[in-house]
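First up is the structure itself, then whatever we jot down about it.
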Amino acid sequence: MDRMDMQRAHVAGPDLATVAKLLADGTRAGFCLALLDGRAWTATELARHVGVAPSTATEHLHALVRGNLLAEERQGRHRYVRLAGPHVAELVESLAAMAPERTPPPRSLSAAGRRQALAHARTCYDHLAGTVGVAITDAMLERRLLDLEHGLGLTSAGATWLEDLGITVPTGTRRPSVRSCLDWTERRPHLAGAVGAALCRHAFGTGWITPVGTTRAVAVTTLGRQALRRHLGLSDELLAPARSPRNTTPSASCSSSGSVPSWG
């Protein structure tokens with residue numbers, strides 16, 4: 001292979017380095033982590049969240065939109081950004097699971113409670129994550145509702161199980177039915193894809209889980225503990241966090257409907 005061929009081989013294929021550069025900046029990475037809640041945020045809100053000037057936030061957000069990691073939405077005079085889709089959420093979550101832990105000591109008991117609640121159960125864009133999300137995935141594998149024969153997949157028993165619960169999984173979309181998403185706190189996979197999103201919507205709609213505060217954390221309700229024990233054999237000890245954070249103000253639920261919140 002001559003030098004010209006080597007140069008062509010070097011530049012051929014996807015430009016992975018461009019995506020890596022976008023997420024190599026701490027501010028941009030912080031924005032993407034915040035947007036894992038599936039909601040739309042303004043530049044001002046994201047700037048306040050990561051502690052930068054609004055003008056700095058706007059510059060970084062333009063780069064993320066140009067790089068197809070974020071999508072921009074307008075509502076009246078306000079502009080919002082959200083993750084460009086579940087594929088971006090799964091990329092960010094997987095990278096977070098590979099990243100070294102950088103957890104500052106909590107400044108208060110309430111901060112420690114919020115962190116614990118996030119690790120226990122949370123939304124990852126539009127599906128469930130944390131200890132509870134991984135436990136649900138493990139239980140579905142043990143009951144052969146999912147299998148790993150050709151990568152994570154839904155079995156015929158799993159399809160019947162979903163139907164019996166009244167869970168409808170959208171079809172005819174480009175999104176994979178089932179996908180494995182590496183959990184950044186558990187460092188093990190949880191269920192994503194269309195099935196994971198449908199299960200999350202069902203859990204919110206039936207009152208199995210409820211939002212906690214204004215973070216991505218969710219709590220499994222008494223009804224949810226009963227249902228998950230009956231349908232998947234999960235124990236109350238696993239589903240109930242050791243302690244609950246004090247802030248229990250309702251927040252946005254796990255939804256991929258595309259609606260834009262009015263809190264901007």
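Residues in the structure tokens are named by chain (A, B, ... in the order shown) and by number from 1 within that chain; ligands are numbered from 1 in the order shown.
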Taking 5 positions as the minimum chain separation for residues in the same chain, which residues sit within 8 Å of range 126-133 of chain A when counting only C-alpha atoms? Answer as a PyMOL selection string.
chain A and resi 37-38+86+118-121+183-186+190-193+196-201+238-239+254-256
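CA of Gly205 in chain A to CA of Leu148 in chain A spans 28.8 Å [interatomic distance, one decimal].
Residue-level DSSP output for range 109-151 of chain A, from the backbone, shows strand (DSSP E or B) at Arg122, Thr123, Cys124, His127, Leu128, Ala129, Leu146, Asp147, Glu149 and Gly151 of chain A.
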Show me a table, sorted first by chain and then by increasing residue number, of the residues of range 132-162 of chain A having an atom at most 12 Å from range 168-171 of chain A, each with its shortest atom pair and the distance in Å to one decimal, counting only C-alpha atoms and written as a Markdown table.
```
| residue | atom | partner | partner_atom | distance |
| --- | --- | --- | --- | --- |
| A:Leu154 | CA | A:Val169 | CA | 11.5 |
| A:Gly158 | CA | A:Val169 | CA | 11.8 |
| A:Ala159 | CA | A:Val169 | CA | 9.3 |
| A:Thr160 | CA | A:Thr168 | CA | 10.9 |
| A:Trp161 | CA | A:Thr168 | CA | 10.9 |
| A:Leu162 | CA | A:Thr168 | CA | 7.3 |
```
Please produce a file of the residues just selected, as a PDB file, in the first residue's frame, where the atoms kept are N, CA, C and O atoms.
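out03.pdb, freshly written:
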```
ATOM      1  N   LEU A 154     -36.307  -9.918  22.411  1.00  0.00           N
ATOM      2  CA  LEU A 154     -37.580 -10.266  23.036  1.00  0.00           C
ATOM      3  C   LEU A 154     -38.007 -11.638  22.544  1.00  0.00           C
ATOM      4  O   LEU A 154     -38.022 -11.906  21.342  1.00  0.00           O
ATOM      5  N   GLY A 158     -41.974 -13.312  25.963  1.00  0.00           N
ATOM      6  CA  GLY A 158     -41.912 -11.911  26.353  1.00  0.00           C
ATOM      7  C   GLY A 158     -42.975 -11.081  25.654  1.00  0.00           C
ATOM      8  O   GLY A 158     -43.591 -10.194  26.253  1.00  0.00           O
ATOM      9  N   ALA A 159     -43.196 -11.357  24.348  1.00  0.00           N
ATOM     10  CA  ALA A 159     -44.225 -10.631  23.606  1.00  0.00           C
ATOM     11  C   ALA A 159     -45.607 -10.901  24.195  1.00  0.00           C
ATOM     12  O   ALA A 159     -46.438  -9.985  24.329  1.00  0.00           O
ATOM     13  N   THR A 160     -45.857 -12.166  24.588  1.00  0.00           N
ATOM     14  CA  THR A 160     -47.133 -12.516  25.214  1.00  0.00           C
ATOM     15  C   THR A 160     -47.270 -11.840  26.567  1.00  0.00           C
ATOM     16  O   THR A 160     -48.350 -11.340  26.925  1.00  0.00           O
ATOM     17  N   TRP A 161     -46.189 -11.786  27.323  1.00  0.00           N
ATOM     18  CA  TRP A 161     -46.181 -11.133  28.638  1.00  0.00           C
ATOM     19  C   TRP A 161     -46.533  -9.659  28.505  1.00  0.00           C
ATOM     20  O   TRP A 161     -47.364  -9.134  29.266  1.00  0.00           O
ATOM     21  N   LEU A 162     -45.952  -8.980  27.551  1.00  0.00           N
ATOM     22  CA  LEU A 162     -46.270  -7.575  27.330  1.00  0.00           C
ATOM     23  C   LEU A 162     -47.740  -7.395  26.946  1.00  0.00           C
ATOM     24  O   LEU A 162     -48.419  -6.492  27.448  1.00  0.00           O
TER      25      LEU A 162
END
```
Between CA of Leu182 in chain A and CA of Ala97 in chain A, what is the spacing in Å?
6.4 Å
Within 10 Å of range 113-117 of chain A, which residues of range 184-225 of chain A show up? Give each one with its shortest atom-to-atom distance in Å (one decimal) and the two atoms involved, counting only C-alpha atoms, rows by chain then rising residue number, as a Markdown table.
```
| residue | atom | partner | partner_atom | distance |
| --- | --- | --- | --- | --- |
| A:Val212 | CA | A:Ala117 | CA | 8.1 |
| A:Gly213 | CA | A:Arg114 | CA | 8.4 |
| A:Thr214 | CA | A:Arg114 | CA | 9.7 |
| A:Thr215 | CA | A:Arg114 | CA | 7.9 |
| A:Arg216 | CA | A:Ala117 | CA | 8.9 |
| A:Ala217 | CA | A:Ala117 | CA | 5.7 |
| A:Val218 | CA | A:Ala117 | CA | 7.3 |
| A:Ala219 | CA | A:Ala117 | CA | 7.7 |
```
Would you save the residues from that selection as a JSON list (two decimals), in the first residue's frame, using C-alpha atoms?
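Output file out-v8.json is given in full below:
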```json
[["chain", "number", "residue", "atom", "x", "y", "z"],
["A", 212, "VAL", "CA", -39.10, 12.27, 42.62],
["A", 213, "GLY", "CA", -38.28, 15.96, 42.77],
["A", 214, "THR", "CA", -37.02, 17.68, 39.66],
["A", 215, "THR", "CA", -34.33, 15.13, 38.84],
["A", 216, "ARG", "CA", -34.55, 11.94, 36.76],
["A", 217, "ALA", "CA", -35.12, 9.89, 39.91],
["A", 218, "VAL", "CA", -38.30, 7.85, 40.26],
["A", 219, "ALA", "CA", -39.76, 5.96, 43.19]]
```
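In terms of minimum interatomic distance to Cys32 in chain A, A:Val81 ranks closest within A:Val81, A:Leu146, A:Val220, A:Ala157, counting only C-alpha atoms.
For the residues A:Ala135, A:Val65, A:Ala71, A:Thr18, ranking by smallest atom-to-atom distance to Leu232 in chain A using only C-alpha atoms places A:Ala135 first.
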For the structure I just gave you, how does DSSP split range 33-224 of chain A - specifically, which residues are helix (DSSP H, G or I)? Reply as a ChimeraX atom specification.
/A:33-37,43-50,54-66,86-98,109-120,130-142,156-165,193-205,222-224
